[in-house]
file coords_0.txt (compact mmCIF, C-alpha atoms)
# COMPACT_ATOMS: atom_id res chain seq x y z
CA SER B 1258 27.59 14.54 7.35
CA GLU B 1259 24.34 13.09 8.63
CA ASP B 1260 24.19 16.07 10.99
CA SER B 1261 23.84 18.50 8.11
CA ARG B 1262 20.88 16.55 6.72
CA GLN B 1263 18.65 17.08 9.74
CA GLY B 1264 15.86 19.55 9.30
CA TYR B 1265 16.05 22.85 11.09
CA GLY B 1266 12.84 24.77 10.58
CA ASP B 1267 11.68 23.95 7.05
CA GLN B 1268 12.45 20.25 6.53
CA GLY B 1269 12.84 20.66 2.78
CA GLN B 1270 15.52 23.31 3.11
CA ALA B 1271 17.78 20.93 5.05
CA ILE B 1272 19.69 19.89 1.91
CA TYR B 1273 20.90 23.48 1.63
CA LEU B 1274 22.16 24.01 5.16
CA ARG B 1275 25.78 24.79 4.34
CA ASN B 1276 27.44 27.35 2.12
CA LYS B 1277 28.46 25.50 -1.04
CA ALA B 1278 31.53 27.45 -2.08
CA ASP B 1279 32.96 30.02 0.28
CA GLU B 1280 34.40 28.79 3.57
CA THR B 1281 35.35 32.35 4.56
CA VAL B 1282 31.76 33.40 5.30
CA LEU B 1283 30.18 33.00 8.70
CA PRO B 1284 28.51 29.64 9.29
CA PRO B 1285 24.73 29.46 9.49
CA LEU B 1286 23.44 30.52 12.88
CA TRP B 1287 22.30 27.03 13.89
CA LEU B 1288 25.89 25.72 13.66
CA VAL B 1289 27.03 28.09 16.40
CA ALA B 1290 23.80 28.32 18.41
CA ILE B 1291 23.74 27.09 21.99
CA GLU B 1292 20.44 25.35 21.37
CA THR B 1293 18.66 24.14 18.24
CA GLN B 1294 15.18 22.79 17.79
CA ILE B 1295 14.27 20.29 15.13
CA LEU B 1296 10.86 20.50 13.53
CA LYS B 1297 9.31 17.06 13.93
CA LYS B 1298 5.96 17.71 12.27
CA GLY B 1299 4.73 19.32 9.09
CA TYR B 1300 3.35 22.78 9.30
CA ARG B 1301 1.86 24.00 6.05
CA CYS B 1302 0.72 21.58 3.34
CA GLY B 1303 -1.99 19.00 3.09
CA PRO B 1304 -1.11 15.37 2.23
CA ALA B 1305 -1.16 15.58 -1.60
CA ILE B 1306 1.15 18.59 -1.70
CA ALA B 1307 3.36 17.12 1.03
CA GLU B 1308 3.77 13.95 -1.06
CA ALA B 1309 4.88 16.07 -4.04
CA ALA B 1310 7.37 17.95 -1.83
CA ALA B 1311 8.83 14.66 -0.56
CA LYS B 1312 9.19 13.35 -4.14
CA ILE B 1313 10.96 16.50 -5.28
CA LEU B 1314 13.58 16.21 -2.55
CA ARG B 1315 13.92 12.41 -2.60
CA PRO B 1316 17.17 12.37 -4.66
CA PHE B 1317 18.95 14.23 -1.84
CA TYR B 1318 16.77 14.09 1.23
CA GLU B 1319 14.87 10.92 2.00
CA ARG B 1320 12.02 11.84 4.31
CA PRO B 1321 8.39 10.70 4.32
CA ALA B 1322 5.64 13.08 3.26
CA GLU B 1323 4.51 13.31 6.90
CA PHE B 1324 7.51 15.58 7.55
CA PHE B 1325 5.84 18.17 5.33
CA THR B 1326 2.20 17.52 6.22
CA CYS B 1327 -0.15 19.58 8.32
CA SER B 1328 -2.71 17.06 9.56
CA GLU B 1329 -5.46 19.68 9.83
CA THR B 1330 -5.26 20.62 6.14
CA ASP B 1331 -6.53 18.71 3.12
CA SER B 1332 -4.96 19.40 -0.27
CA SER B 1333 -5.11 18.57 -3.95
CA ILE B 1334 -3.04 19.02 -7.08
CA CYS B 1335 -4.89 20.05 -10.25
CA SER B 1336 -3.86 20.53 -13.86
CA TRP B 1337 -4.35 23.85 -15.56
CA ASP B 1338 -3.43 25.38 -18.90
CA PRO B 1339 -2.51 29.06 -18.54
CA THR B 1340 -2.93 29.59 -22.30
CA LEU B 1341 -6.62 28.64 -22.04
CA GLN B 1342 -7.56 29.98 -18.66
CA PHE B 1343 -5.86 32.44 -16.39
CA PRO B 1344 -6.79 32.31 -12.72
CA ARG B 1345 -9.35 34.87 -11.70
CA MET B 1346 -9.30 33.77 -8.07
CA ASN B 1347 -7.08 34.97 -5.26
CA GLY B 1348 -3.75 33.27 -4.69
CA LEU B 1349 -0.18 33.14 -5.94
CA VAL B 1350 0.68 32.76 -9.62
CA LEU B 1351 4.35 31.75 -9.62
CA GLY B 1352 6.82 31.98 -12.47
CA TYR B 1353 10.29 30.49 -12.55
CA SER B 1354 11.94 33.84 -13.28
CA ARG B 1355 11.22 37.55 -13.54
CA ARG B 1356 11.21 37.15 -17.30
CA ASN B 1357 8.57 34.41 -17.00
CA VAL B 1358 6.44 36.70 -14.80
CA ARG B 1359 6.83 39.66 -17.16
CA GLN B 1360 5.74 37.50 -20.13
CA CYS B 1361 2.70 36.35 -18.17
CA LEU B 1362 1.71 39.90 -17.27
CA GLU B 1363 2.09 41.02 -20.90
CA GLU B 1364 0.31 38.01 -22.46
CA HIS B 1365 -2.71 38.38 -20.21
CA ASP B 1366 -2.65 42.20 -20.23
CA LEU B 1367 -2.58 42.28 -16.45
CA LYS B 1368 -2.30 45.78 -15.09
CA ASN B 1369 -2.26 46.85 -11.45
CA VAL B 1370 -1.67 43.28 -10.31
CA PRO B 1371 0.46 42.97 -7.17
CA ILE B 1372 3.86 41.39 -7.77
CA SER B 1373 5.06 41.19 -4.16
CA PRO B 1374 3.52 38.84 -1.61
CA LEU B 1375 5.30 40.81 1.10
CA LEU B 1376 2.99 43.76 0.54
CA THR B 1377 -0.31 41.99 -0.12
CA ASP B 1378 -2.03 38.95 1.39
CA PRO B 1379 -2.31 36.32 -1.39
CA ASP B 1380 -5.45 34.85 0.17
CA THR B 1381 -7.22 38.18 -0.44
CA LYS B 1382 -5.65 39.16 -3.81
CA ARG B 1383 -4.20 37.50 -6.88
CA ILE B 1384 -0.43 38.04 -6.94
CA VAL B 1385 1.86 37.25 -9.87
CA CYS B 1386 5.52 36.90 -8.88
CA ASN B 1387 8.58 34.74 -9.29
CA ILE B 1388 9.19 31.78 -6.99
CA HIS B 1389 12.05 33.43 -5.11
CA ALA B 1390 9.85 36.41 -4.22
CA ALA B 1391 7.26 34.02 -2.77
CA LYS B 1392 9.66 32.22 -0.45
CA GLY B 1393 8.25 32.35 3.06
CA THR B 1394 4.73 33.10 1.81
CA GLU B 1395 1.90 30.61 1.85
CA CYS B 1396 -1.69 30.73 0.70
CA ASN B 1397 -4.61 28.46 -0.09
CA SER B 1398 -4.22 28.42 -3.92
CA VAL B 1399 -1.02 28.45 -5.95
CA PHE B 1400 -0.75 28.37 -9.76
CA LEU B 1401 2.63 27.45 -11.29
CA LEU B 1402 3.41 28.99 -14.66
CA PRO B 1403 5.14 26.64 -17.14
CA TRP B 1404 8.91 26.41 -16.87
CA GLY B 1405 11.10 26.77 -19.94
CA ALA B 1406 12.96 23.87 -21.53
CA GLN B 1407 16.26 24.75 -19.83
CA ALA B 1408 14.71 24.86 -16.34
CA MET B 1409 12.80 21.63 -16.95
CA GLY B 1410 16.04 20.02 -18.17
CA ARG B 1411 17.67 20.98 -14.88
CA MET B 1412 14.73 19.36 -13.06
CA ASN B 1413 15.18 16.21 -15.17
CA SER B 1414 18.85 15.99 -14.28
CA GLN B 1415 17.94 16.47 -10.60
CA ASP B 1416 20.01 19.62 -10.27
CA PRO B 1417 19.78 20.55 -6.55
CA ALA B 1418 19.16 24.24 -7.32
CA ALA B 1419 16.23 23.40 -9.62
CA LEU B 1420 14.82 20.95 -7.08
CA LYS B 1421 15.02 23.61 -4.39
CA VAL B 1422 13.15 26.13 -6.54
CA MET B 1423 10.45 23.56 -7.37
CA TYR B 1424 10.17 22.58 -3.70
CA VAL B 1425 9.70 26.23 -2.72
CA ALA B 1426 7.05 26.68 -5.43
CA VAL B 1427 5.08 23.57 -4.49
CA THR B 1428 5.11 24.21 -0.76
CA ARG B 1429 3.65 27.71 -1.02
CA ALA B 1430 0.22 26.07 -1.39
CA ARG B 1431 -1.75 25.04 1.68
CA ARG B 1432 -4.78 23.53 -0.07
CA VAL B 1433 -4.71 23.57 -3.90
CA LEU B 1434 -1.69 23.47 -6.20
CA HIS B 1435 -2.40 24.08 -9.91
CA VAL B 1436 0.34 22.78 -12.25
CA THR B 1437 0.77 22.52 -15.99
CA GLU B 1438 0.82 19.09 -17.64
CA ASN B 1439 4.59 19.09 -18.21
CA MET B 1440 5.11 19.75 -14.50
CA ARG B 1441 2.80 16.90 -13.45
CA TRP B 1442 4.99 14.56 -15.48
CA HIS B 1443 8.21 15.90 -13.93
CA LEU B 1444 6.74 15.89 -10.43
CA ASP B 1445 5.62 12.29 -10.94
CA ILE B 1446 2.14 13.05 -9.61
call {"tool": "encode", "arguments": {"input": "coords_0.txt", "output": "structure tokens"}}
result
Amino acid sequence: SEDSRQGYGDQGQAIYLRNKADETVLPPLWLVAIETQILKKGYRCGPAIAEAAAKILRPFYERPAEFFTCSETDSSICSWDPTLQFPRMNGLVLGYSRRNVRQCLEEHDLKNVPISPLLTDPDTKRIVCNIHAAKGTECNSVFLLPWGAQAMGRMNSQDPAALKVMYVAVTRARRVLHVTENMRWHLDI
């Protein structure tokens, strides 16, 4: 229903408001709440990142980039090649999966690097973690590790689960999002 497409809190999460399979579980709190509030304005990302977030969700959730934009923040999206340069600056380095993160840590011989944004502020340390672990976290710089062929194929076919993961990854960045070339193509940036 149109009701279920309204944004409660994070506008981009609105396409996932209802439980997909099991009707026996309790409904989300906002369905039984006495009062709900709808977020009318962006809260985290600058315009470039907000535009990418809107494009990611467009197949299921048609909203302008302004829904995701924080007017006080400027942003940019840059290309990077993790095989040539690994970020030495503070921020989040996000992999699609735990396996992806483990490979990154091994390839770059990273020891004593935080892997949980819940325990360390990503604006003051470099954190390498998977996208799900970073949900709810935000920082000024985010680096996305390359996704494998299967995950990129799911993005190509506009699989809602893959779009949600990409949306979460992109919207962790307040100011600068660093993506690999194959992601720029898939994000249509």
call {"tool": "closest_residue", "arguments": {"input": "coords_0.txt", "among": "B:Asp1378, B:Cys1386, B:Phe1325, B:Pro1371", "to": "B:Lys1312", "atoms": "only C-alpha atoms"}}
result
B:Phe1325
call {"tool": "residues_around", "arguments": {"input": "coords_0.txt", "residues": "stretch 1403-1406 of chain B", "least_positions_apart": "2", "cutoff": "12 Å", "atoms": "all atoms listed in the file", "output": "PyMOL selection string"}}
result
chain B and resi 1336-1340+1350-1358+1360-1361+1387-1388+1400-1401+1408-1413+1419+1422-1423+1426+1435-1441+1443
call {"tool": "write_last_selection", "arguments": {"input": "coords_0.txt", "atoms": "C-alpha atoms", "output": "mmCIF file, in the frame of the given file"}}
result
data_model
loop_
_atom_site.group_PDB
_atom_site.id
_atom_site.type_symbol
_atom_site.label_atom_id
_atom_site.label_comp_id
_atom_site.auth_asym_id
_atom_site.auth_seq_id
_atom_site.Cartn_x
_atom_site.Cartn_y
_atom_site.Cartn_z
ATOM 1 C CA SER B 1336 -3.860 20.530 -13.860
ATOM 2 C CA TRP B 1337 -4.350 23.850 -15.560
ATOM 3 C CA ASP B 1338 -3.430 25.380 -18.900
ATOM 4 C CA PRO B 1339 -2.510 29.060 -18.540
ATOM 5 C CA THR B 1340 -2.930 29.590 -22.300
ATOM 6 C CA VAL B 1350 0.680 32.760 -9.620
ATOM 7 C CA LEU B 1351 4.350 31.750 -9.620
ATOM 8 C CA GLY B 1352 6.820 31.980 -12.470
ATOM 9 C CA TYR B 1353 10.290 30.490 -12.550
ATOM 10 C CA SER B 1354 11.940 33.840 -13.280
ATOM 11 C CA ARG B 1355 11.220 37.550 -13.540
ATOM 12 C CA ARG B 1356 11.210 37.150 -17.300
ATOM 13 C CA ASN B 1357 8.570 34.410 -17.000
ATOM 14 C CA VAL B 1358 6.440 36.700 -14.800
ATOM 15 C CA GLN B 1360 5.740 37.500 -20.130
ATOM 16 C CA CYS B 1361 2.700 36.350 -18.170
ATOM 17 C CA ASN B 1387 8.580 34.740 -9.290
ATOM 18 C CA ILE B 1388 9.190 31.780 -6.990
ATOM 19 C CA PHE B 1400 -0.750 28.370 -9.760
ATOM 20 C CA LEU B 1401 2.630 27.450 -11.290
ATOM 21 C CA ALA B 1408 14.710 24.860 -16.340
ATOM 22 C CA MET B 1409 12.800 21.630 -16.950
ATOM 23 C CA GLY B 1410 16.040 20.020 -18.170
ATOM 24 C CA ARG B 1411 17.670 20.980 -14.880
ATOM 25 C CA MET B 1412 14.730 19.360 -13.060
ATOM 26 C CA ASN B 1413 15.180 16.210 -15.170
ATOM 27 C CA ALA B 1419 16.230 23.400 -9.620
ATOM 28 C CA VAL B 1422 13.150 26.130 -6.540
ATOM 29 C CA MET B 1423 10.450 23.560 -7.370
ATOM 30 C CA ALA B 1426 7.050 26.680 -5.430
ATOM 31 C CA HIS B 1435 -2.400 24.080 -9.910
ATOM 32 C CA VAL B 1436 0.340 22.780 -12.250
ATOM 33 C CA THR B 1437 0.770 22.520 -15.990
ATOM 34 C CA GLU B 1438 0.820 19.090 -17.640
ATOM 35 C CA ASN B 1439 4.590 19.090 -18.210
ATOM 36 C CA MET B 1440 5.110 19.750 -14.500
ATOM 37 C CA ARG B 1441 2.800 16.900 -13.450
ATOM 38 C CA HIS B 1443 8.210 15.900 -13.930
#
call {"tool": "atom_distance", "arguments": {"input": "coords_0.txt", "atom1": "atom CA of B:Glu1363", "atom2": "atom CA of B:Leu1375"}}
result
22.2 Å
call {"tool": "closest_residue", "arguments": {"input": "coords_0.txt", "among": "B:Ala1309, B:Ala1390, B:Pro1304, B:Ala1430", "to": "B:Glu1323", "atoms": "all atoms listed in the file"}}
result
B:Pro1304
call {"tool": "atom_distance", "arguments": {"input": "coords_0.txt", "atom1": "atom CA of B:Arg1315", "atom2": "atom CA of B:Val1427"}}
result
14.4 Å
call {"tool": "closest_residue", "arguments": {"input": "coords_0.txt", "among": "B:Met1346, B:Ala1310, B:Leu1367, B:Leu1376", "to": "B:Val1425", "atoms": "only C-alpha atoms"}}
result
B:Ala1310
call {"tool": "closest_residue", "arguments": {"input": "coords_0.txt", "among": "B:Gln1415, B:Lys1382, B:Arg1429, B:Leu1434", "to": "B:Phe1317", "atoms": "only C-alpha atoms"}}
result
B:Gln1415
call {"tool": "axis_aligned_box", "arguments": {"input": "coords_0.txt", "around": "stretch 1370-1374 of chain B", "padding_each_side": "6 Å", "output": "JSON"}}
result
{"center_x": 1.7, "center_y": 41.1, "center_z": -6.0, "size_x": 18.7, "size_y": 16.4, "size_z": 20.7}
call {"tool": "decode", "arguments": {"input": "coords_0.txt", "residues": "stretch 1413-1424 of chain B", "atoms": "N, CA and C atoms", "output": "PDB file, in the first residue's frame"}}
result
ATOM      1  N   ASN B1413      22.704  -5.555 -10.443  1.00  0.00           N
ATOM      2  CA  ASN B1413      22.248  -5.379 -11.826  1.00  0.00           C
ATOM      3  C   ASN B1413      20.792  -5.758 -12.007  1.00  0.00           C
ATOM      4  N   SER B1414      20.385  -6.833 -11.343  1.00  0.00           N
ATOM      5  CA  SER B1414      19.003  -7.296 -11.492  1.00  0.00           C
ATOM      6  C   SER B1414      18.046  -6.540 -10.562  1.00  0.00           C
ATOM      7  N   GLN B1415      18.571  -5.559  -9.858  1.00  0.00           N
ATOM      8  CA  GLN B1415      17.801  -4.711  -8.946  1.00  0.00           C
ATOM      9  C   GLN B1415      17.115  -5.513  -7.844  1.00  0.00           C
ATOM     10  N   ASP B1416      17.842  -6.492  -7.331  1.00  0.00           N
ATOM     11  CA  ASP B1416      17.389  -7.280  -6.195  1.00  0.00           C
ATOM     12  C   ASP B1416      17.244  -6.336  -4.993  1.00  0.00           C
ATOM     13  N   PRO B1417      16.057  -6.272  -4.377  1.00  0.00           N
ATOM     14  CA  PRO B1417      15.853  -5.335  -3.261  1.00  0.00           C
ATOM     15  C   PRO B1417      16.857  -5.496  -2.121  1.00  0.00           C
ATOM     16  N   ALA B1418      17.261  -6.728  -1.815  1.00  0.00           N
ATOM     17  CA  ALA B1418      18.219  -6.929  -0.723  1.00  0.00           C
ATOM     18  C   ALA B1418      19.572  -6.313  -1.074  1.00  0.00           C
ATOM     19  N   ALA B1419      20.018  -6.487  -2.320  1.00  0.00           N
ATOM     20  CA  ALA B1419      21.294  -5.901  -2.749  1.00  0.00           C
ATOM     21  C   ALA B1419      21.202  -4.381  -2.782  1.00  0.00           C
ATOM     22  N   LEU B1420      20.075  -3.855  -3.224  1.00  0.00           N
ATOM     23  CA  LEU B1420      19.902  -2.397  -3.246  1.00  0.00           C
ATOM     24  C   LEU B1420      19.934  -1.829  -1.832  1.00  0.00           C
ATOM     25  N   LYS B1421      19.328  -2.542  -0.904  1.00  0.00           N
ATOM     26  CA  LYS B1421      19.326  -2.085   0.483  1.00  0.00           C
ATOM     27  C   LYS B1421      20.746  -2.041   1.043  1.00  0.00           C
ATOM     28  N   VAL B1422      21.527  -3.079   0.782  1.00  0.00           N
ATOM     29  CA  VAL B1422      22.900  -3.124   1.268  1.00  0.00           C
ATOM     30  C   VAL B1422      23.712  -1.980   0.647  1.00  0.00           C
ATOM     31  N   MET B1423      23.549  -1.752  -0.650  1.00  0.00           N
ATOM     32  CA  MET B1423      24.281  -0.662  -1.298  1.00  0.00           C
ATOM     33  C   MET B1423      23.833   0.692  -0.747  1.00  0.00           C
ATOM     34  N   TYR B1424      22.538   0.852  -0.528  1.00  0.00           N
ATOM     35  CA  TYR B1424      22.042   2.101   0.056  1.00  0.00           C
ATOM     36  C   TYR B1424      22.677   2.352   1.425  1.00  0.00           C
TER      37      TYR B1424
END
